[in-house]
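K.L.:
Before we start, here is the structure in question, set down as structure tokens.
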Amino acid sequence: MAGKPKLYYFDGRGKMESIRWLLAAAGVEFEEEFLETREQYEKLLQGGSLLFQQVPMVEIDGMKMVQTRAILNYIAGKYNLYGKDLKERALIDMYVGGTDDLMGFILMFPFLSAEDKEKQRAVIVQKATSRYFPAYEKVLKDHGQDFLVGNNFSWADVHLLEAILMVEEKKADVLSGFPQLQAFKARISNIPTIKKFLEPGSQRKPVPDDKYVETVRRVLQMYYNIKAN
């Protein structure tokens, strides 16, 4: 019997958080090894575990997988969260891609200066409310179903809920003009595996703090400043 997937990343969200969300949604228990020193990272590099010299890396089913999208594709397919046919997978990919674009505005937020954070906060809310949330609001309204694709719970639903909660951390009432997304959030949050992941004590990571930023910079030797989009 295969062991639990093992995740190699920092003790924080970053690019690994969506992988944690998807495994949790599938009801899969997983282990984590947190990178805290440059030596840990170099050991993975020297051991050939990081194909492109980057994390996230996930050990699963005898593989050492890198590249976030490839990992997510595999998990979604393995645990029946990737639609029932090619057309549904295409729609899931399309919706996940849009959500990824929105998350991209948030991913580097913790690494910005205080001044740039305020600028980026406004960009995040503007992009969410004028481009991305209206699109998903329309999808849900047009087909009148509980889930984004095929009226079945999928990776697309998990990813969108993750993004909604991330944007709400920047503006709590950001869904005020989106009744379909408000109902969607409530539905998906109450799916048992998701509900468990949202409870205190789960492996979901909190909003990145200064300690997380300092650790990432030290391990990856990021000696440069990041600017707002």
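Naming works like this for the structure tokens: A, B, ... for the chains as they're shown, residue 1 at the start of each chain, ligands 1 onward in shown order.
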Write out as a ChimeraX atom specification which residues come within 9 Å of stretch 189-194 of chain A when counting only C-alpha atoms, dropping same-chain ones fewer than 3 positions away.
P.N.:
/A:21,24-27,158,161,184-186,197-199
K.L.:
Write a file of the selected residues as an mmCIF file, in the first residue's frame, keeping all heavy atoms.
P.N.:
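result-v7.cif, written as the output of this step:
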```
data_model
loop_
_atom_site.group_PDB
_atom_site.id
_atom_site.type_symbol
_atom_site.label_atom_id
_atom_site.label_comp_id
_atom_site.auth_asym_id
_atom_site.auth_seq_id
_atom_site.Cartn_x
_atom_site.Cartn_y
_atom_site.Cartn_z
ATOM 1 N N TRP A 21 -4.934 22.311 -0.556
ATOM 2 C CA TRP A 21 -6.385 22.415 -0.701
ATOM 3 C C TRP A 21 -6.951 21.224 -1.474
ATOM 4 O O TRP A 21 -7.963 20.632 -1.072
ATOM 5 C CB TRP A 21 -6.731 23.711 -1.445
ATOM 6 C CG TRP A 21 -7.018 24.888 -0.592
ATOM 7 C CD1 TRP A 21 -6.127 25.784 -0.073
ATOM 8 C CD2 TRP A 21 -8.308 25.338 -0.145
ATOM 9 N NE1 TRP A 21 -6.769 26.751 0.652
ATOM 10 C CE2 TRP A 21 -8.110 26.513 0.630
ATOM 11 C CE3 TRP A 21 -9.602 24.866 -0.330
ATOM 12 C CZ2 TRP A 21 -9.170 27.212 1.213
ATOM 13 C CZ3 TRP A 21 -10.657 25.562 0.247
ATOM 14 C CH2 TRP A 21 -10.438 26.724 1.017
ATOM 15 N N ALA A 24 -6.737 17.941 0.448
ATOM 16 C CA ALA A 24 -7.721 17.970 1.530
ATOM 17 C C ALA A 24 -9.132 17.775 0.988
ATOM 18 O O ALA A 24 -9.937 17.035 1.575
ATOM 19 C CB ALA A 24 -7.624 19.288 2.285
ATOM 20 N N ALA A 25 -9.445 18.416 -0.129
ATOM 21 C CA ALA A 25 -10.765 18.271 -0.731
ATOM 22 C C ALA A 25 -11.051 16.824 -1.117
ATOM 23 O O ALA A 25 -12.189 16.348 -1.024
ATOM 24 C CB ALA A 25 -10.871 19.168 -1.963
ATOM 25 N N ALA A 26 -9.993 16.121 -1.541
ATOM 26 C CA ALA A 26 -10.131 14.708 -1.916
ATOM 27 C C ALA A 26 -10.144 13.787 -0.703
ATOM 28 O O ALA A 26 -10.318 12.571 -0.853
ATOM 29 C CB ALA A 26 -8.985 14.323 -2.852
ATOM 30 N N GLY A 27 -9.953 14.352 0.486
ATOM 31 C CA GLY A 27 -9.930 13.534 1.697
ATOM 32 C C GLY A 27 -8.647 12.749 1.869
ATOM 33 O O GLY A 27 -8.639 11.714 2.549
ATOM 34 N N VAL A 158 -12.873 23.902 -5.956
ATOM 35 C CA VAL A 158 -11.898 24.019 -4.862
ATOM 36 C C VAL A 158 -11.034 25.261 -5.074
ATOM 37 O O VAL A 158 -10.827 26.073 -4.160
ATOM 38 C CB VAL A 158 -11.004 22.761 -4.783
ATOM 39 C CG1 VAL A 158 -9.977 22.900 -3.656
ATOM 40 C CG2 VAL A 158 -11.846 21.512 -4.593
ATOM 41 N N LEU A 161 -12.982 28.599 -4.544
ATOM 42 C CA LEU A 161 -13.207 28.911 -3.128
ATOM 43 C C LEU A 161 -11.919 29.414 -2.478
ATOM 44 O O LEU A 161 -11.942 30.394 -1.707
ATOM 45 C CB LEU A 161 -13.733 27.688 -2.370
ATOM 46 C CG LEU A 161 -13.934 27.921 -0.864
ATOM 47 C CD1 LEU A 161 -14.963 29.022 -0.606
ATOM 48 C CD2 LEU A 161 -14.334 26.630 -0.161
ATOM 49 N N PHE A 184 -22.410 30.022 -3.612
ATOM 50 C CA PHE A 184 -21.382 29.041 -3.962
ATOM 51 C C PHE A 184 -20.401 28.863 -2.809
ATOM 52 O O PHE A 184 -20.078 27.730 -2.418
ATOM 53 C CB PHE A 184 -20.646 29.516 -5.215
ATOM 54 C CG PHE A 184 -19.438 28.715 -5.590
ATOM 55 C CD1 PHE A 184 -19.556 27.585 -6.377
ATOM 56 C CD2 PHE A 184 -18.158 29.093 -5.165
ATOM 57 C CE1 PHE A 184 -18.433 26.834 -6.736
ATOM 58 C CE2 PHE A 184 -17.043 28.364 -5.505
ATOM 59 C CZ PHE A 184 -17.181 27.229 -6.296
ATOM 60 N N LYS A 185 -19.937 29.968 -2.255
ATOM 61 C CA LYS A 185 -19.005 29.908 -1.124
ATOM 62 C C LYS A 185 -19.598 29.110 0.034
ATOM 63 O O LYS A 185 -18.918 28.256 0.630
ATOM 64 C CB LYS A 185 -18.656 31.319 -0.672
ATOM 65 C CG LYS A 185 -17.789 31.379 0.575
ATOM 66 C CD LYS A 185 -17.673 32.800 1.106
ATOM 67 C CE LYS A 185 -17.091 32.813 2.510
ATOM 68 N NZ LYS A 185 -17.097 34.174 3.109
ATOM 69 N N ALA A 186 -20.846 29.371 0.356
ATOM 70 C CA ALA A 186 -21.490 28.665 1.464
ATOM 71 C C ALA A 186 -21.597 27.170 1.170
ATOM 72 O O ALA A 186 -21.329 26.330 2.043
ATOM 73 C CB ALA A 186 -22.874 29.257 1.723
ATOM 74 N N PHE A 197 -11.048 21.086 6.456
ATOM 75 C CA PHE A 197 -9.817 21.812 6.129
ATOM 76 C C PHE A 197 -9.878 23.267 6.606
ATOM 77 O O PHE A 197 -8.847 23.874 6.891
ATOM 78 C CB PHE A 197 -9.568 21.759 4.617
ATOM 79 C CG PHE A 197 -8.229 22.271 4.175
ATOM 80 C CD1 PHE A 197 -7.056 21.678 4.608
ATOM 81 C CD2 PHE A 197 -8.137 23.354 3.298
ATOM 82 C CE1 PHE A 197 -5.808 22.141 4.186
ATOM 83 C CE2 PHE A 197 -6.900 23.829 2.872
ATOM 84 C CZ PHE A 197 -5.738 23.220 3.320
ATOM 85 N N LEU A 198 -11.084 23.820 6.674
ATOM 86 C CA LEU A 198 -11.251 25.204 7.100
ATOM 87 C C LEU A 198 -11.273 25.362 8.616
ATOM 88 O O LEU A 198 -11.247 26.486 9.124
ATOM 89 C CB LEU A 198 -12.541 25.783 6.500
ATOM 90 C CG LEU A 198 -12.549 25.964 4.982
ATOM 91 C CD1 LEU A 198 -13.926 26.407 4.505
ATOM 92 C CD2 LEU A 198 -11.486 26.957 4.541
ATOM 93 N N GLU A 199 -11.315 24.250 9.318
ATOM 94 C CA GLU A 199 -11.354 24.310 10.777
ATOM 95 C C GLU A 199 -9.958 24.561 11.358
ATOM 96 O O GLU A 199 -8.946 24.189 10.760
ATOM 97 C CB GLU A 199 -11.924 23.003 11.353
ATOM 98 C CG GLU A 199 -13.410 22.822 11.062
ATOM 99 C CD GLU A 199 -13.923 21.453 11.490
ATOM 100 O OE1 GLU A 199 -13.083 20.579 11.843
ATOM 101 O OE2 GLU A 199 -15.147 21.247 11.457
#
```
K.L.:
Quick one: distance from atom CA of A:Met63 to atom CA of A:Pro5 in Å, one decimal?
P.N.:
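Between these atoms lies a distance of 9.8 Å.
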K.L.:
Considering only C-alpha atoms, state which residue in the set A:Glu162, A:Asp93, A:Glu36, A:Asp61 is at the smallest distance from A:Ser18.
P.N.:
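Once distances to A:Ser18 are computed over only C-alpha atoms, the minimum belongs to A:Glu162.
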K.L.:
Can you tell me how far atom CA of A:Glu137 sits from atom CA of A:Asn80, in Å to one decimal?
P.N.:
24.5 Å
K.L.:
Env of stretch 130-136 of chain A: 9 Å cut, atoms = only C-alpha atoms, seq-sep filter 2 positions within chain, self excluded. Answer as a PyMOL selection string.
P.N.:
chain A and resi 95+98-99+101-102+125-128+138-141+148+160+164+175+178+180-181
K.L.:
Could the residues in this selection be written to a file with N, CA, C and O atoms, as a CSV table (one decimal), in the first residue's frame?
P.N.:
```csv
chain,number,residue,atom,x,y,z
A,95,TYR,N,-11.4,27.4,-16.2
A,95,TYR,CA,-11.8,28.1,-15.0
A,95,TYR,C,-10.6,28.1,-14.0
A,95,TYR,O,-10.4,29.2,-13.3
A,98,GLY,N,-8.2,30.9,-15.1
A,98,GLY,CA,-8.7,32.2,-14.7
A,98,GLY,C,-8.4,32.5,-13.2
A,98,GLY,O,-7.9,33.6,-12.9
A,99,THR,N,-8.7,31.5,-12.4
A,99,THR,CA,-8.5,31.7,-11.0
A,99,THR,C,-7.0,31.8,-10.7
A,99,THR,O,-6.6,32.6,-9.8
A,101,ASP,N,-4.8,33.2,-12.6
A,101,ASP,CA,-4.5,34.6,-12.9
A,101,ASP,C,-4.8,35.5,-11.8
A,101,ASP,O,-4.0,36.4,-11.5
A,102,LEU,N,-5.9,35.3,-11.2
A,102,LEU,CA,-6.3,36.2,-10.0
A,102,LEU,C,-5.4,35.9,-8.8
A,102,LEU,O,-4.9,36.9,-8.2
A,125,VAL,N,-8.4,43.8,-5.6
A,125,VAL,CA,-9.9,44.0,-5.5
A,125,VAL,C,-10.5,44.4,-6.8
A,125,VAL,O,-11.5,43.9,-7.2
A,126,GLN,N,-9.8,45.3,-7.5
A,126,GLN,CA,-10.3,45.8,-8.8
A,126,GLN,C,-10.4,44.6,-9.8
A,126,GLN,O,-11.4,44.5,-10.5
A,127,LYS,N,-9.3,43.8,-9.9
A,127,LYS,CA,-9.3,42.7,-10.8
A,127,LYS,C,-10.4,41.7,-10.5
A,127,LYS,O,-11.1,41.1,-11.3
A,128,ALA,N,-10.5,41.4,-9.2
A,128,ALA,CA,-11.5,40.4,-8.7
A,128,ALA,C,-12.9,40.8,-9.1
A,128,ALA,O,-13.7,40.0,-9.6
A,138,LYS,N,-21.6,34.8,-13.7
A,138,LYS,CA,-22.3,34.5,-14.9
A,138,LYS,C,-22.4,33.0,-15.2
A,138,LYS,O,-23.5,32.5,-15.5
A,139,VAL,N,-21.3,32.3,-15.0
A,139,VAL,CA,-21.3,30.8,-15.2
A,139,VAL,C,-22.3,30.2,-14.3
A,139,VAL,O,-23.2,29.4,-14.8
A,140,LEU,N,-22.3,30.5,-13.1
A,140,LEU,CA,-23.2,29.9,-12.1
A,140,LEU,C,-24.7,30.2,-12.4
A,140,LEU,O,-25.6,29.4,-12.3
A,141,LYS,N,-24.9,31.5,-12.7
A,141,LYS,CA,-26.3,32.0,-13.0
A,141,LYS,C,-26.8,31.3,-14.3
A,141,LYS,O,-28.0,30.9,-14.3
A,148,LEU,N,-19.3,24.4,-10.7
A,148,LEU,CA,-19.0,25.1,-11.9
A,148,LEU,C,-19.1,24.2,-13.2
A,148,LEU,O,-19.5,24.7,-14.2
A,160,LEU,N,-11.6,27.9,-6.9
A,160,LEU,CA,-12.3,29.2,-6.8
A,160,LEU,C,-12.6,29.6,-5.4
A,160,LEU,O,-12.5,30.7,-5.0
A,164,ILE,N,-11.5,33.0,-3.5
A,164,ILE,CA,-12.5,33.9,-2.9
A,164,ILE,C,-12.0,34.2,-1.5
A,164,ILE,O,-12.0,35.4,-1.1
A,175,LEU,N,-17.6,40.1,-1.9
A,175,LEU,CA,-18.6,39.4,-2.6
A,175,LEU,C,-20.0,40.1,-2.5
A,175,LEU,O,-21.0,39.5,-2.9
A,178,PHE,N,-22.2,39.9,-5.5
A,178,PHE,CA,-22.2,38.7,-6.3
A,178,PHE,C,-23.0,37.6,-5.5
A,178,PHE,O,-22.4,36.7,-4.8
A,180,GLN,N,-24.6,34.9,-6.5
A,180,GLN,CA,-24.3,33.5,-6.9
A,180,GLN,C,-23.0,33.0,-6.2
A,180,GLN,O,-23.0,31.9,-5.7
A,181,LEU,N,-22.0,33.9,-6.1
A,181,LEU,CA,-20.8,33.5,-5.5
A,181,LEU,C,-20.9,33.4,-4.0
A,181,LEU,O,-20.2,32.5,-3.4
```
K.L.:
Which of these, A:Gly97, A:Pro208, A:Gly47, A:Pro56, has the shortest distance to A:Phe111 once you count only C-alpha atoms?
P.N.:
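Of all the options, A:Pro208 lies closest to A:Phe111.
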K.L.:
Just how far from atom CA of A:Gln145 is atom CA of A:Glu17, in Å to one decimal?
P.N.:
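Computing the Euclidean distance for atom CA of A:Glu17 and atom CA of A:Gln145 yields 27.0 Å.
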K.L.:
So that I can see what lies close to A:Gly150, please list as an MDAnalysis selection string the residues with an atom at most 10 Å from it, counting only C-alpha atoms and leaving out residues fewer than 4 positions away in the same chain.
P.N.:
chainID A and resid 83:85 87:89 91:92 143 145:146 154
K.L.:
Under the rule that only C-alpha atoms are counted, which of A:Ser113, A:Ser176, A:Ser202, A:Thr68 is the nearest residue to A:Gly14?
P.N.:
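Smallest separation from A:Gly14 among the options: A:Thr68.
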K.L.:
Apply DSSP to the structure's backbone, then extract all residues of stretch 94-195 of chain A labelled helix (DSSP H, G or I) and return them as a PyMOL selection string.
P.N.:
chain A and resi 94-107+109-111+114-143+155-168+179-189+192-195
K.L.:
When you count only C-alpha atoms, which of these residues is closest to A:Lys205: A:Met166, A:Val28, A:Ala172, A:Leu51?
P.N.:
A:Met166
K.L.:
As a ChimeraX atom specification, please: the residues near A:Thr37 (cut-off 10 Å, only C-alpha atoms, same-chain neighbours under 2 positions excluded).
P.N.:
/A:10,34-35,39-42,215-216,218-220
K.L.:
Write the residues of the selection above to a file with N, CA and C atoms, as a PDB file, in the first residue's frame.
P.N.:
```
ATOM      1  N   PHE A  10       7.842  25.434   2.087  1.00  0.00           N
ATOM      2  CA  PHE A  10       7.963  26.244   3.292  1.00  0.00           C
ATOM      3  C   PHE A  10       6.714  26.084   4.158  1.00  0.00           C
ATOM      4  N   PHE A  34       9.029  20.911   5.987  1.00  0.00           N
ATOM      5  CA  PHE A  34       9.176  22.339   5.787  1.00  0.00           C
ATOM      6  C   PHE A  34      10.641  22.723   5.573  1.00  0.00           C
ATOM      7  N   LEU A  35      10.882  23.512   4.547  1.00  0.00           N
ATOM      8  CA  LEU A  35      12.220  24.023   4.288  1.00  0.00           C
ATOM      9  C   LEU A  35      12.471  25.229   5.192  1.00  0.00           C
ATOM     10  N   GLU A  39      20.534  24.740   3.613  1.00  0.00           N
ATOM     11  CA  GLU A  39      21.125  23.395   3.534  1.00  0.00           C
ATOM     12  C   GLU A  39      20.089  22.349   3.142  1.00  0.00           C
ATOM     13  N   GLN A  40      18.886  22.460   3.684  1.00  0.00           N
ATOM     14  CA  GLN A  40      17.816  21.525   3.303  1.00  0.00           C
ATOM     15  C   GLN A  40      17.525  21.616   1.811  1.00  0.00           C
ATOM     16  N   TYR A  41      17.444  22.828   1.321  1.00  0.00           N
ATOM     17  CA  TYR A  41      17.142  23.059  -0.089  1.00  0.00           C
ATOM     18  C   TYR A  41      18.260  22.507  -0.976  1.00  0.00           C
ATOM     19  N   GLU A  42      19.506  22.764  -0.594  1.00  0.00           N
ATOM     20  CA  GLU A  42      20.638  22.277  -1.386  1.00  0.00           C
ATOM     21  C   GLU A  42      20.730  20.760  -1.374  1.00  0.00           C
ATOM     22  N   THR A 215      12.060  33.531   5.855  1.00  0.00           N
ATOM     23  CA  THR A 215      12.524  32.161   5.589  1.00  0.00           C
ATOM     24  C   THR A 215      12.668  31.911   4.099  1.00  0.00           C
ATOM     25  N   VAL A 216      11.670  32.312   3.320  1.00  0.00           N
ATOM     26  CA  VAL A 216      11.722  32.113   1.867  1.00  0.00           C
ATOM     27  C   VAL A 216      12.911  32.862   1.271  1.00  0.00           C
ATOM     28  N   ARG A 218      15.676  33.739   2.726  1.00  0.00           N
ATOM     29  CA  ARG A 218      16.947  33.142   3.161  1.00  0.00           C
ATOM     30  C   ARG A 218      17.225  31.831   2.422  1.00  0.00           C
ATOM     31  N   VAL A 219      16.228  30.969   2.324  1.00  0.00           N
ATOM     32  CA  VAL A 219      16.434  29.655   1.706  1.00  0.00           C
ATOM     33  C   VAL A 219      16.689  29.784   0.206  1.00  0.00           C
ATOM     34  N   LEU A 220      15.941  30.658  -0.455  1.00  0.00           N
ATOM     35  CA  LEU A 220      16.077  30.816  -1.906  1.00  0.00           C
ATOM     36  C   LEU A 220      17.084  31.894  -2.292  1.00  0.00           C
TER      37      LEU A 220
END
```
K.L.:
A:Val174, A:Val149, A:Leu112, A:Met16: which is nearest A:Val213, counting only C-alpha atoms?
P.N.:
A:Leu112
K.L.:
Could you tell me which of A:Arg13, A:Lys78, A:Lys195, A:Lys4 comes closest to A:Glu29 if we count only C-alpha atoms?
P.N.:
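That would be A:Lys4, the residue with the smallest distance to A:Glu29.
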